[in-house]
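Source file input32.txt; content: compact mmCIF, C-alpha atoms.
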```txt
# COMPACT_ATOMS: atom_id res chain seq x y z
CA MET A 981 20.75 -37.44 21.87
CA GLN A 982 24.43 -37.02 22.67
CA LEU A 983 25.69 -38.81 25.74
CA PRO A 984 28.48 -37.07 27.63
CA PHE A 985 30.37 -40.35 27.90
CA LYS A 986 29.85 -44.08 27.73
CA VAL A 987 29.97 -46.40 30.67
CA SER A 988 29.69 -50.11 31.26
CA LEU A 989 27.92 -51.59 34.23
CA ARG A 990 29.03 -54.68 36.11
CA ALA A 991 27.19 -56.46 38.90
CA HIS A 992 29.00 -59.18 40.76
CA ASP A 993 27.21 -61.65 43.00
CA ILE A 994 24.70 -59.11 44.32
CA ALA A 995 21.95 -60.00 46.75
CA CYS A 996 18.88 -58.22 48.03
CA GLN A 997 17.05 -58.54 51.32
CA ARG A 998 13.68 -57.01 52.09
CA GLY A 999 12.19 -57.37 55.54
CA GLY A 1000 14.57 -60.21 56.47
CA ARG A 1001 13.65 -62.20 53.36
CA THR A 1002 16.21 -62.81 50.64
CA LEU A 1003 14.69 -61.78 47.31
CA PHE A 1004 17.65 -62.83 45.19
CA GLN A 1005 21.31 -63.63 45.65
CA GLY A 1006 24.35 -64.43 43.58
CA LEU A 1007 23.20 -62.22 40.73
CA SER A 1008 25.88 -61.25 38.23
CA PHE A 1009 25.74 -59.48 34.90
CA ALA A 1010 27.86 -57.19 32.82
CA LEU A 1011 26.58 -54.61 30.35
CA ALA A 1012 28.81 -52.97 27.77
CA PRO A 1013 27.88 -49.62 26.19
CA GLY A 1014 24.91 -50.09 23.86
CA GLU A 1015 23.58 -53.18 25.59
CA ALA A 1016 20.22 -53.62 27.25
CA LEU A 1017 19.05 -55.96 29.96
CA LEU A 1018 15.49 -57.22 30.30
CA VAL A 1019 14.55 -57.99 33.88
CA SER A 1020 11.69 -60.44 34.08
CA GLY A 1021 10.03 -62.47 36.77
CA PRO A 1022 6.76 -62.88 38.64
CA ASN A 1023 5.37 -60.17 40.94
CA GLY A 1024 7.48 -59.77 44.05
CA ALA A 1025 10.55 -61.41 42.51
CA GLY A 1026 12.64 -58.30 43.17
CA LYS A 1027 12.62 -56.51 39.80
CA THR A 1028 11.94 -53.11 41.34
CA SER A 1029 14.37 -53.80 44.19
CA LEU A 1030 17.16 -54.58 41.72
CA LEU A 1031 16.56 -51.35 39.84
CA ARG A 1032 16.43 -49.39 43.11
CA GLN A 1033 19.71 -50.96 44.16
CA ILE A 1034 21.36 -49.78 40.97
CA ALA A 1035 19.83 -46.32 41.44
CA GLY A 1036 21.49 -46.22 44.85
CA LEU A 1037 18.25 -46.12 46.81
CA LEU A 1038 18.46 -49.62 48.32
CA PRO A 1039 21.62 -50.98 49.95
CA LEU A 1040 23.17 -54.17 48.58
CA ALA A 1041 22.91 -57.09 50.96
CA ASP A 1042 25.97 -58.61 49.33
CA GLY A 1043 28.19 -58.27 46.26
CA GLN A 1044 29.43 -55.32 44.25
CA LEU A 1045 27.99 -52.98 41.67
CA ALA A 1046 30.26 -50.79 39.64
CA ALA A 1047 30.08 -48.58 36.61
CA THR A 1048 33.27 -48.02 34.74
CA GLY A 1049 33.50 -44.81 32.81
CA PRO A 1050 35.91 -42.00 32.12
CA ASP A 1051 35.47 -40.31 35.50
CA ASP A 1052 34.40 -41.26 39.00
CA THR A 1053 30.83 -39.94 39.05
CA PRO A 1054 28.83 -41.97 41.59
CA LEU A 1055 26.67 -44.69 40.01
CA ALA A 1056 23.41 -43.07 41.17
CA GLU A 1057 24.23 -39.92 39.19
CA LEU A 1058 24.77 -41.91 36.01
CA CYS A 1059 21.26 -43.34 36.19
CA HIS A 1060 17.83 -42.16 35.21
CA TYR A 1061 15.36 -44.12 37.31
CA VAL A 1062 11.75 -44.04 36.15
CA ALA A 1063 9.64 -45.83 38.72
CA HIS A 1064 5.96 -46.61 39.13
CA ALA A 1065 5.37 -43.18 40.67
CA ASP A 1066 5.46 -40.41 38.10
CA ALA A 1067 7.20 -37.74 40.20
CA ALA A 1068 4.95 -35.11 38.62
CA LYS A 1069 3.68 -32.11 40.58
CA SER A 1070 0.02 -31.48 39.82
CA ALA A 1071 0.23 -27.79 40.77
CA LEU A 1072 2.94 -27.15 38.17
CA SER A 1073 2.42 -27.10 34.43
CA VAL A 1074 4.00 -29.74 32.20
CA ARG A 1075 6.64 -27.23 31.12
CA GLU A 1076 7.44 -26.23 34.71
CA ASN A 1077 7.73 -29.87 35.74
CA LEU A 1078 10.18 -30.63 32.96
CA ALA A 1079 12.04 -27.33 33.36
CA PHE A 1080 12.63 -28.20 36.98
CA TRP A 1081 14.07 -31.60 36.08
CA ALA A 1082 16.19 -30.11 33.31
CA ASN A 1083 17.63 -27.56 35.74
CA TYR A 1084 17.94 -29.94 38.66
CA LEU A 1085 19.60 -32.70 36.66
CA GLU A 1086 21.80 -30.14 34.88
CA GLY A 1087 20.34 -30.62 31.43
CA GLY A 1088 19.80 -26.91 30.77
CA GLU A 1089 17.62 -25.27 28.13
CA SER A 1090 18.33 -27.88 25.46
CA GLY A 1091 17.29 -30.58 27.92
CA LEU A 1092 13.92 -28.91 28.40
CA ALA A 1093 13.31 -28.63 24.65
CA GLN A 1094 14.24 -32.27 24.08
CA ALA A 1095 12.09 -33.44 26.98
CA LEU A 1096 9.06 -31.55 25.66
CA ASN A 1097 9.51 -33.08 22.22
CA ALA A 1098 10.41 -36.62 23.24
CA PHE A 1099 6.89 -37.87 23.83
CA GLY A 1100 4.98 -35.08 22.08
CA LEU A 1101 4.04 -33.15 25.21
CA ASN A 1102 4.62 -29.78 23.53
CA PRO A 1103 0.89 -29.10 22.87
CA LEU A 1104 0.19 -29.79 26.57
CA ALA A 1105 3.10 -27.72 27.86
CA ASP A 1106 1.00 -25.12 29.65
CA LEU A 1107 -1.52 -27.51 31.16
CA PRO A 1108 -1.23 -28.21 34.91
CA ALA A 1109 0.09 -31.74 35.34
CA GLY A 1110 -2.84 -32.48 37.64
CA LEU A 1111 -5.17 -32.42 34.62
CA LEU A 1112 -3.21 -35.04 32.67
CA SER A 1113 -4.53 -38.55 32.20
CA ALA A 1114 -2.62 -41.50 33.64
CA GLY A 1115 -0.99 -42.21 30.28
CA GLN A 1116 -0.01 -38.57 29.78
CA LYS A 1117 1.50 -38.47 33.27
CA ARG A 1118 3.48 -41.56 32.35
CA LYS A 1119 4.78 -39.76 29.27
CA LEU A 1120 5.71 -36.80 31.46
CA ALA A 1121 7.71 -39.13 33.71
CA LEU A 1122 9.41 -40.74 30.70
CA SER A 1123 10.22 -37.34 29.20
CA ARG A 1124 12.51 -36.83 32.19
CA LEU A 1125 14.90 -39.29 30.49
CA PHE A 1126 15.58 -36.56 27.94
CA ALA A 1127 15.80 -33.64 30.37
CA SER A 1128 19.44 -34.47 30.95
CA PRO A 1129 21.62 -37.02 29.17
CA ARG A 1130 22.60 -39.87 31.46
CA PRO A 1131 24.13 -43.13 30.23
CA ILE A 1132 22.12 -45.64 32.28
CA TRP A 1133 18.33 -45.87 32.04
CA LEU A 1134 16.48 -47.86 34.70
CA LEU A 1135 12.91 -48.33 33.54
CA ASP A 1136 10.47 -50.04 35.85
CA GLU A 1137 7.38 -51.13 33.89
CA PRO A 1138 7.71 -48.08 31.62
CA SER A 1139 4.82 -49.00 29.35
CA VAL A 1140 2.09 -49.12 32.03
CA SER A 1141 -0.97 -47.10 30.91
CA LEU A 1142 0.67 -46.03 27.62
CA ASP A 1143 -1.27 -46.37 24.36
CA ALA A 1144 0.11 -48.46 21.49
CA ALA A 1145 1.63 -45.50 19.64
CA SER A 1146 3.42 -44.29 22.76
CA VAL A 1147 4.78 -47.77 23.51
CA LYS A 1148 6.28 -47.70 20.00
CA ARG A 1149 7.76 -44.30 20.70
CA LEU A 1150 9.23 -45.56 23.98
CA ASP A 1151 10.63 -48.58 22.17
CA ALA A 1152 12.28 -46.33 19.60
CA ALA A 1153 13.61 -44.04 22.35
CA ILE A 1154 15.28 -46.99 24.07
CA ARG A 1155 16.79 -48.14 20.76
CA ASP A 1156 18.16 -44.65 20.05
CA HIS A 1157 19.61 -44.53 23.53
CA LEU A 1158 21.37 -47.87 22.97
CA LYS A 1159 22.60 -46.76 19.56
CA ALA A 1160 24.15 -43.69 21.21
CA GLY A 1161 26.09 -46.00 23.50
CA GLY A 1162 23.80 -45.96 26.52
CA ILE A 1163 22.72 -48.80 28.75
CA ALA A 1164 19.13 -49.69 29.59
CA LEU A 1165 17.74 -52.00 32.24
CA VAL A 1166 14.06 -52.56 31.64
CA SER A 1167 11.50 -54.56 33.57
CA SER A 1168 8.46 -55.00 31.42
CA HIS A 1169 5.62 -57.43 30.85
CA VAL A 1170 4.84 -55.88 27.47
CA PRO A 1171 6.98 -57.24 24.60
CA LEU A 1172 9.24 -54.55 23.18
CA LYS A 1173 11.00 -54.58 19.81
CA THR A 1174 14.25 -53.48 21.40
CA ARG A 1175 16.88 -56.20 21.13
CA PHE A 1176 17.95 -57.10 24.64
CA ALA A 1177 21.50 -58.41 24.79
CA HIS A 1178 20.85 -60.04 28.13
CA GLU A 1179 17.87 -61.32 29.99
CA LEU A 1180 17.63 -61.80 33.70
CA ALA A 1181 14.84 -63.97 35.06
CA LEU A 1182 14.29 -63.39 38.76
CA GLY A 1183 12.37 -65.51 41.22
CA LEU A 1184 12.87 -68.80 39.40
CA GLU A 1185 14.63 -70.54 42.28
CA ARG A 1186 11.56 -70.01 44.45
CA ALA A 1187 9.16 -71.20 41.79
CA ALA A 1188 11.20 -74.34 41.24
CA MET B 486 20.05 -22.23 36.74
CA SER B 487 21.89 -24.22 39.37
CA PRO B 488 20.21 -27.36 40.75
CA ALA B 489 20.03 -25.87 44.25
CA LEU B 490 18.31 -22.71 43.06
CA ALA B 491 15.91 -24.71 40.87
CA LEU B 492 14.88 -26.82 43.85
CA LEU B 493 14.41 -23.78 46.09
CA ILE B 494 12.29 -21.94 43.53
CA ARG B 495 10.19 -25.02 42.83
CA ASP B 496 9.47 -25.58 46.52
CA VAL B 497 8.51 -21.96 47.13
CA LYS B 498 6.29 -21.99 44.03
CA LEU B 499 4.56 -25.19 45.16
CA ALA B 500 3.93 -23.81 48.63
CA TRP B 501 2.23 -20.74 47.19
CA ARG B 502 0.23 -22.68 44.62
CA GLU B 503 -0.90 -25.78 46.45
CA GLY B 504 -3.79 -25.16 48.76
CA GLY B 505 -3.28 -25.55 52.47
CA ALA B 506 0.18 -24.10 52.70
CA VAL B 507 0.83 -20.43 53.36
CA GLY B 508 -2.78 -19.28 53.71
CA VAL B 509 -3.81 -21.95 56.19
CA VAL B 510 -0.74 -21.39 58.34
CA LEU B 511 -1.32 -17.64 58.56
CA GLY B 512 -5.03 -18.15 59.16
CA PHE B 513 -4.34 -20.61 61.97
CA TYR B 514 -1.91 -18.17 63.61
CA LEU B 515 -4.49 -15.40 63.40
CA VAL B 516 -7.29 -17.49 64.86
CA VAL B 517 -5.29 -18.90 67.77
CA VAL B 518 -4.06 -15.47 68.82
CA ALA B 519 -7.46 -13.85 68.25
CA ILE B 520 -9.34 -16.25 70.55
CA THR B 521 -6.86 -15.90 73.41
CA PRO B 522 -8.38 -12.66 74.81
CA PHE B 523 -11.78 -14.37 74.87
CA GLY B 524 -10.36 -17.00 77.19
CA LEU B 525 -8.40 -14.62 79.43
CA GLY B 526 -10.75 -11.68 79.67
CA PRO B 527 -10.15 -8.05 78.74
CA ASP B 528 -7.39 -7.29 81.25
CA LEU B 529 -5.01 -5.29 79.04
CA ASN B 530 -2.08 -5.48 81.44
CA LEU B 531 -2.35 -9.24 81.67
CA LEU B 532 -2.56 -9.54 77.87
CA ALA B 533 0.51 -7.36 77.37
CA ARG B 534 2.45 -9.48 79.87
CA ILE B 535 1.66 -12.81 78.20
CA ALA B 536 1.78 -11.47 74.62
CA PRO B 537 5.39 -12.52 73.82
CA GLY B 538 4.84 -16.08 75.06
CA MET B 539 1.46 -16.36 73.40
CA LEU B 540 2.78 -15.12 70.05
CA TRP B 541 5.71 -17.56 70.14
CA VAL B 542 3.68 -20.60 71.18
CA ALA B 543 1.08 -19.93 68.50
CA LEU B 544 3.84 -19.42 65.93
CA LEU B 545 5.39 -22.80 66.75
CA LEU B 546 2.03 -24.55 66.44
CA ALA B 547 1.27 -22.79 63.16
CA ALA B 548 4.68 -23.67 61.73
CA LEU B 549 4.14 -27.33 62.65
CA LEU B 550 0.91 -27.36 60.61
CA SER B 551 2.87 -27.16 57.39
CA ALA B 552 5.94 -29.08 58.55
CA ASP B 553 4.92 -32.42 57.05
CA ARG B 554 4.78 -30.73 53.65
CA ILE B 555 8.58 -30.43 53.63
CA PHE B 556 9.11 -34.02 52.44
CA HIS B 557 5.76 -35.78 52.45
CA ASN B 558 4.45 -34.87 49.01
CA ASP B 559 7.80 -35.53 47.35
CA TYR B 560 7.96 -38.90 49.08
CA GLU B 561 4.45 -39.89 48.01
CA ASP B 562 4.83 -39.06 44.32
CA GLY B 563 8.32 -40.49 43.89
CA THR B 564 10.07 -37.14 43.46
CA LEU B 565 12.36 -37.91 46.38
CA ASP B 566 13.81 -40.93 44.51
CA VAL B 567 14.90 -38.64 41.70
CA LEU B 568 16.10 -35.87 44.00
CA ALA B 569 18.31 -38.42 45.75
CA ALA B 570 19.88 -39.38 42.42
CA GLY B 571 20.55 -35.77 41.50
CA PRO B 572 23.82 -33.86 41.65
CA LEU B 573 23.18 -32.51 45.17
CA PRO B 574 24.08 -34.50 48.28
CA LEU B 575 21.01 -35.48 50.31
CA PRO B 576 21.81 -33.21 53.31
CA LEU B 577 21.90 -30.26 50.92
CA VAL B 578 18.53 -31.30 49.46
CA ALA B 579 17.13 -31.41 53.01
CA ALA B 580 18.67 -28.01 53.80
CA ILE B 581 17.21 -26.38 50.69
CA LYS B 582 13.77 -27.80 51.36
CA SER B 583 13.95 -26.56 54.96
CA LEU B 584 15.00 -23.15 53.69
CA ALA B 585 11.99 -23.11 51.36
CA HIS B 586 9.80 -23.98 54.35
CA TRP B 587 11.28 -21.07 56.27
CA LEU B 588 10.67 -18.67 53.38
CA THR B 589 7.05 -19.74 53.01
CA THR B 590 6.20 -20.23 56.70
CA GLY B 591 8.69 -18.63 59.07
CA VAL B 592 9.01 -15.31 57.27
CA PRO B 593 5.25 -14.72 56.68
CA LEU B 594 4.49 -15.70 60.30
CA ALA B 595 7.17 -13.35 61.63
CA LEU B 596 5.80 -10.52 59.51
CA LEU B 597 2.23 -11.16 60.66
CA ALA B 598 3.23 -11.26 64.35
CA PRO B 599 3.19 -7.48 65.01
CA VAL B 600 -0.37 -7.23 63.69
CA LEU B 601 -1.39 -9.98 66.08
CA GLY B 602 0.63 -8.26 68.80
CA LEU B 603 -1.83 -5.37 68.57
CA LEU B 604 -4.64 -7.77 69.48
CA LEU B 605 -2.73 -8.68 72.63
CA ASN B 606 -1.86 -5.09 73.57
CA LEU B 607 1.85 -5.60 72.95
CA PRO B 608 3.59 -2.18 73.32
CA LEU B 609 4.31 -0.62 69.93
CA ASP B 610 7.98 0.01 70.64
CA ALA B 611 8.53 -3.73 71.17
CA MET B 612 7.30 -4.57 67.64
CA PRO B 613 10.60 -4.20 65.74
CA LEU B 614 12.39 -6.45 68.21
CA LEU B 615 9.54 -8.98 68.04
CA VAL B 616 9.87 -9.26 64.27
CA LEU B 617 13.66 -9.38 64.50
CA ALA B 618 13.59 -12.13 67.14
CA MET B 619 11.12 -14.16 65.11
CA LEU B 620 13.11 -13.79 61.91
CA ALA B 621 16.20 -14.93 63.81
CA GLY B 622 14.47 -17.83 65.55
CA THR B 623 12.26 -19.29 62.84
CA PRO B 624 15.11 -20.85 60.82
CA ALA B 625 15.64 -23.15 63.80
CA VAL B 626 11.90 -23.91 63.74
CA SER B 627 11.93 -24.91 60.05
CA PHE B 628 15.18 -26.87 60.10
CA ILE B 629 14.22 -28.83 63.24
CA ALA B 630 10.79 -29.49 61.74
CA ALA B 631 12.57 -31.11 58.79
CA ILE B 632 14.04 -33.75 61.15
CA GLY B 633 10.56 -34.64 62.38
CA ALA B 634 9.14 -34.57 58.85
CA SER B 635 11.78 -36.98 57.55
CA LEU B 636 11.42 -39.33 60.53
CA THR B 637 7.66 -39.62 60.10
CA LEU B 638 7.73 -40.26 56.33
CA GLY B 639 5.53 -43.14 55.27
CA LEU B 640 3.41 -43.08 58.41
CA ARG B 641 -0.26 -42.34 58.23
CA ARG B 642 -1.54 -39.32 60.18
CA SER B 643 2.08 -38.37 60.65
CA GLY B 644 1.23 -34.80 61.62
CA LEU B 645 0.35 -35.70 65.20
CA LEU B 646 3.49 -37.75 65.76
CA LEU B 647 5.52 -34.99 64.15
CA GLY B 648 4.21 -32.55 66.76
CA LEU B 649 5.10 -34.90 69.61
CA LEU B 650 8.61 -35.39 68.26
CA VAL B 651 9.42 -31.83 67.42
CA LEU B 652 7.69 -29.59 69.98
CA PRO B 653 10.04 -30.60 72.85
CA LEU B 654 12.98 -29.63 70.64
CA TYR B 655 11.50 -26.15 70.32
CA VAL B 656 11.80 -25.41 74.04
CA PRO B 657 15.14 -23.55 73.77
CA VAL B 658 13.85 -21.47 70.85
CA LEU B 659 10.74 -20.65 72.85
CA ILE B 660 12.68 -19.68 75.99
CA PHE B 661 15.14 -17.38 74.25
CA GLY B 662 12.55 -16.02 71.83
CA VAL B 663 10.20 -15.01 74.62
CA SER B 664 12.94 -13.63 76.85
CA THR B 665 14.22 -11.44 74.00
CA VAL B 666 10.84 -9.79 73.58
CA SER B 667 10.04 -9.69 77.32
CA ALA B 668 13.36 -8.05 78.11
CA ALA B 669 12.50 -5.31 75.65
CA ILE B 670 9.11 -4.67 77.30
CA VAL B 671 9.58 -5.10 81.03
CA GLY B 672 13.29 -5.82 81.49
CA PRO B 673 15.33 -6.42 83.48
CA GLY B 674 18.47 -6.52 81.43
CA SER B 675 19.19 -6.18 77.78
CA PRO B 676 17.34 -8.17 75.09
CA TRP B 677 20.54 -8.85 73.18
CA PRO B 678 22.03 -11.82 75.09
CA PRO B 679 18.90 -13.98 74.58
CA PHE B 680 18.70 -12.70 71.00
CA LEU B 681 22.23 -13.86 70.30
CA MET B 682 21.40 -17.25 71.81
CA LEU B 683 18.44 -17.41 69.44
CA CYS B 684 20.75 -16.72 66.49
CA ALA B 685 23.11 -19.41 67.74
CA LEU B 686 20.26 -21.92 67.94
CA SER B 687 19.27 -21.13 64.37
CA LEU B 688 22.82 -21.40 63.06
CA ALA B 689 23.38 -24.70 64.84
CA SER B 690 20.14 -26.16 63.46
CA ILE B 691 20.97 -24.99 59.94
CA VAL B 692 24.21 -26.96 60.12
CA LEU B 693 23.12 -30.04 62.06
CA ALA B 694 19.46 -30.65 61.25
CA PRO B 695 19.96 -31.38 57.51
CA LEU B 696 22.46 -34.14 58.39
CA ALA B 697 19.92 -35.79 60.68
CA ALA B 698 17.10 -35.31 58.17
CA ALA B 699 19.18 -36.80 55.34
CA ALA B 700 19.96 -39.88 57.43
CA ALA B 701 16.24 -40.36 58.10
CA LEU B 702 15.45 -39.81 54.39
CA ARG B 703 17.93 -42.53 53.39
CA THR B 704 16.07 -44.96 55.63
CA ALA B 705 12.69 -43.87 54.34
CA LEU B 706 13.75 -44.39 50.71
CA ARG B 707 14.70 -48.04 51.28
```

Show me the file's structure as structure tokens.
Amino acid sequence: MQLPFKVSLRAHDIACQRGGRTLFQGLSFALAPGEALLVSGPNGAGKTSLLRQIAGLLPLADGQLAATGPDDTPLAELCHYVAHADAAKSALSVRENLAFWANYLEGGESGLAQALNAFGLNPLADLPAGLLSAGQKRKLALSRLFASPRPIWLLDEPSVSLDAASVKRLDAAIRDHLKAGGIALVSSHVPLKTRFAHELALGLERAA
Amino acid sequence: MSPALALLIRDVKLAWREGGAVGVVLGFYLVVVAITPFGLGPDLNLLARIAPGMLWVALLLAALLSADRIFHNDYEDGTLDVLAAGPLPLPLVAAIKSLAHWLTTGVPLALLAPVLGLLLNLPLDAMPLLVLAMLAGTPAVSFIAAIGASLTLGLRRSGLLLGLLVLPLYVPVLIFGVSTVSAAIVGPGSPWPPFLMLCALSLASIVLAPLAAAAALRTALR
């Protein structure tokens, strides 16, 4: 997949507060094009919150986050955020779901074709998404990554309810994305073959 | 297809396909208006006099039934997270979703109103103005409902709270909507001044309500 441009992502001293409690603080990392970051930590350590902060959904309690690229597109619009919820509409068919994302995220016709192929959803294209199994819905959510090329992937537990073959496919998709110069931030408990340039372990200060 | 158009088409399609949207709203409107004569007795003059008010009040209640659909489903299944990261600013997302609500609720209700007017002995020559007033006033209904829908995101049984929040805001729409139709039936005066006020209310809500709804959405997404 061709990326429109490459960006690097830099976080400086960021902190996150949820309900008056500090989840993490003083977090810094820098990702160059083609690098991936594995976010690990126990439940409740703030993995999802970190990804939501980068996606622009949660405010930073402190610090700065910046993506440097060729133009000044806001950070949130550089990111694909795939969360626990699948964002699939059960009343729409698989094709309609993906066509909407391709149009909404400005990926166009080629985006739709790539999204349908990415995780082999083509044979299911005319099935209402409500009839899909949990794993198939997960694939539908992950196919959104291909509906429009964006340089930063934020994947929150992407392999939940996927079968072994699909986890491999996901792994390969992340590697291709990195090879094309993209950035990926992944929180996962399942070991992936992707080589992560950086690893960020959250929640250690509280465990210690 | 532009992102805005894609979102509008998707929302309209979902409202028609998912159960409990358009059909339930129209059915509710029909039932509320149809049982009114049973409560008031068969006095045709009385029915004709209260018909404009009755039709408007029932329309507001029916529109509220589907108001929590504007954002609730998208919030529950995570779609809102992705919509927020899209190319459209959040107030525009809120405006498009309110517009879709108007197309699937306000317009069908306004078109059904003259049929229900017959049940209440509304004079036939007042029908065109009734439909016109409702088409002009229902955008305000949908856009204001979006404020309530975004404020009550994440609450359980939010529909009741939504009604409490939003119905008081409908008072101006109700007043000018009813006086437009009443002026056409019994006078005195011309129906156009209240009609223009109704248009003004709709235009103001189209501009202002999405800003308020987007602010509430930002908080809900945290």

Query raised in the report: Which is closer to chain B than all the others in A:Ala1012, A:Ala1056, A:Ala1046, A:Leu1030, using only C-alpha atoms?
Result: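 Going through A:Ala1012, A:Ala1056, A:Ala1046, A:Leu1030 one by one, the smallest distance to chain B is for A:Ala1056.
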
Query - Counting all atoms listed in the file, the option among B:Cys684, B:Leu702, B:Leu584, B:Val616 closest to chain A - result: B:Leu702

Closest atom pairs, chain B residues within 10 Å of chain A, all atoms listed in the file, as JSON lines:
```
{"residue": "B:Met486", "atom": "CA", "partner": "A:Asn1083", "partner_atom": "CA", "distance": 5.9}
{"residue": "B:Ser487", "atom": "CA", "partner": "A:Asn1083", "partner_atom": "CA", "distance": 6.5}
{"residue": "B:Pro488", "atom": "CA", "partner": "A:Tyr1084", "partner_atom": "CA", "distance": 4.0}
{"residue": "B:Ala489", "atom": "CA", "partner": "A:Tyr1084", "partner_atom": "CA", "distance": 7.2}
{"residue": "B:Leu490", "atom": "CA", "partner": "A:Tyr1084", "partner_atom": "CA", "distance": 8.5}
{"residue": "B:Ala491", "atom": "CA", "partner": "A:Tyr1084", "partner_atom": "CA", "distance": 6.0}
{"residue": "B:Leu492", "atom": "CA", "partner": "A:Tyr1084", "partner_atom": "CA", "distance": 6.8}
{"residue": "B:Ile494", "atom": "CA", "partner": "A:Phe1080", "partner_atom": "CA", "distance": 9.1}
{"residue": "B:Arg495", "atom": "CA", "partner": "A:Phe1080", "partner_atom": "CA", "distance": 7.1}
{"residue": "B:Lys498", "atom": "CA", "partner": "A:Leu1072", "partner_atom": "CA", "distance": 8.5}
{"residue": "B:Leu499", "atom": "CA", "partner": "A:Ala1071", "partner_atom": "CA", "distance": 6.7}
{"residue": "B:Ala500", "atom": "CA", "partner": "A:Ala1071", "partner_atom": "CA", "distance": 9.6}
{"residue": "B:Trp501", "atom": "CA", "partner": "A:Ala1071", "partner_atom": "CA", "distance": 9.7}
{"residue": "B:Arg502", "atom": "CA", "partner": "A:Ala1071", "partner_atom": "CA", "distance": 6.4}
{"residue": "B:Glu503", "atom": "CA", "partner": "A:Ala1071", "partner_atom": "CA", "distance": 6.1}
{"residue": "B:Gly504", "atom": "CA", "partner": "A:Ala1071", "partner_atom": "CA", "distance": 9.3}
{"residue": "B:Asn558", "atom": "CA", "partner": "A:Lys1069", "partner_atom": "CA", "distance": 8.9}
{"residue": "B:Asp559", "atom": "CA", "partner": "A:Ala1067", "partner_atom": "CA", "distance": 7.5}
{"residue": "B:Tyr560", "atom": "CA", "partner": "A:Ala1067", "partner_atom": "CA", "distance": 9.0}
{"residue": "B:Glu561", "atom": "CA", "partner": "A:Ala1065", "partner_atom": "CA", "distance": 8.1}
{"residue": "B:Asp562", "atom": "CA", "partner": "A:Ala1067", "partner_atom": "CA", "distance": 4.9}
{"residue": "B:Gly563", "atom": "CA", "partner": "A:Ala1067", "partner_atom": "CA", "distance": 4.7}
{"residue": "B:Thr564", "atom": "CA", "partner": "A:Ala1067", "partner_atom": "CA", "distance": 4.4}
{"residue": "B:Leu565", "atom": "CA", "partner": "A:Ala1067", "partner_atom": "CA", "distance": 8.1}
{"residue": "B:Asp566", "atom": "CA", "partner": "A:Leu1037", "partner_atom": "CA", "distance": 7.2}
{"residue": "B:Val567", "atom": "CA", "partner": "A:Tyr1061", "partner_atom": "CA", "distance": 7.0}
{"residue": "B:Leu568", "atom": "CA", "partner": "A:Tyr1084", "partner_atom": "CA", "distance": 8.2}
{"residue": "B:Ala569", "atom": "CA", "partner": "A:Leu1037", "partner_atom": "CA", "distance": 7.8}
{"residue": "B:Ala570", "atom": "CA", "partner": "A:Ala1056", "partner_atom": "CA", "distance": 5.3}
{"residue": "B:Gly571", "atom": "CA", "partner": "A:Leu1085", "partner_atom": "CA", "distance": 5.8}
{"residue": "B:Pro572", "atom": "CA", "partner": "A:Glu1057", "partner_atom": "CA", "distance": 6.6}
{"residue": "B:Leu573", "atom": "CA", "partner": "A:Tyr1084", "partner_atom": "CA", "distance": 8.7}
{"residue": "B:Arg703", "atom": "CA", "partner": "A:Leu1037", "partner_atom": "CA", "distance": 7.5}
{"residue": "B:Thr704", "atom": "CA", "partner": "A:Leu1038", "partner_atom": "CA", "distance": 9.0}
{"residue": "B:Ala705", "atom": "CA", "partner": "A:Leu1037", "partner_atom": "CA", "distance": 9.6}
{"residue": "B:Leu706", "atom": "CA", "partner": "A:Leu1037", "partner_atom": "CA", "distance": 6.2}
{"residue": "B:Arg707", "atom": "CA", "partner": "A:Leu1038", "partner_atom": "CA", "distance": 5.0}
```

Got time to write the residues from that selection, C-alpha atoms, as a compact mmCIF listing (two decimals), keeping the file's coordinate frame?
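This is the output file again.txt:
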```
# COMPACT_ATOMS: atom_id res chain seq x y z
CA MET B 486 20.05 -22.23 36.74
CA SER B 487 21.89 -24.22 39.37
CA PRO B 488 20.21 -27.36 40.75
CA ALA B 489 20.03 -25.87 44.25
CA LEU B 490 18.31 -22.71 43.06
CA ALA B 491 15.91 -24.71 40.87
CA LEU B 492 14.88 -26.82 43.85
CA ILE B 494 12.29 -21.94 43.53
CA ARG B 495 10.19 -25.02 42.83
CA LYS B 498 6.29 -21.99 44.03
CA LEU B 499 4.56 -25.19 45.16
CA ALA B 500 3.93 -23.81 48.63
CA TRP B 501 2.23 -20.74 47.19
CA ARG B 502 0.23 -22.68 44.62
CA GLU B 503 -0.90 -25.78 46.45
CA GLY B 504 -3.79 -25.16 48.76
CA ASN B 558 4.45 -34.87 49.01
CA ASP B 559 7.80 -35.53 47.35
CA TYR B 560 7.96 -38.90 49.08
CA GLU B 561 4.45 -39.89 48.01
CA ASP B 562 4.83 -39.06 44.32
CA GLY B 563 8.32 -40.49 43.89
CA THR B 564 10.07 -37.14 43.46
CA LEU B 565 12.36 -37.91 46.38
CA ASP B 566 13.81 -40.93 44.51
CA VAL B 567 14.90 -38.64 41.70
CA LEU B 568 16.10 -35.87 44.00
CA ALA B 569 18.31 -38.42 45.75
CA ALA B 570 19.88 -39.38 42.42
CA GLY B 571 20.55 -35.77 41.50
CA PRO B 572 23.82 -33.86 41.65
CA LEU B 573 23.18 -32.51 45.17
CA ARG B 703 17.93 -42.53 53.39
CA THR B 704 16.07 -44.96 55.63
CA ALA B 705 12.69 -43.87 54.34
CA LEU B 706 13.75 -44.39 50.71
CA ARG B 707 14.70 -48.04 51.28
```

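Taking atom CA of Phe513 of chain B and atom CA of Pro676 of chain B as endpoints, the distance between them is 28.2 Å.
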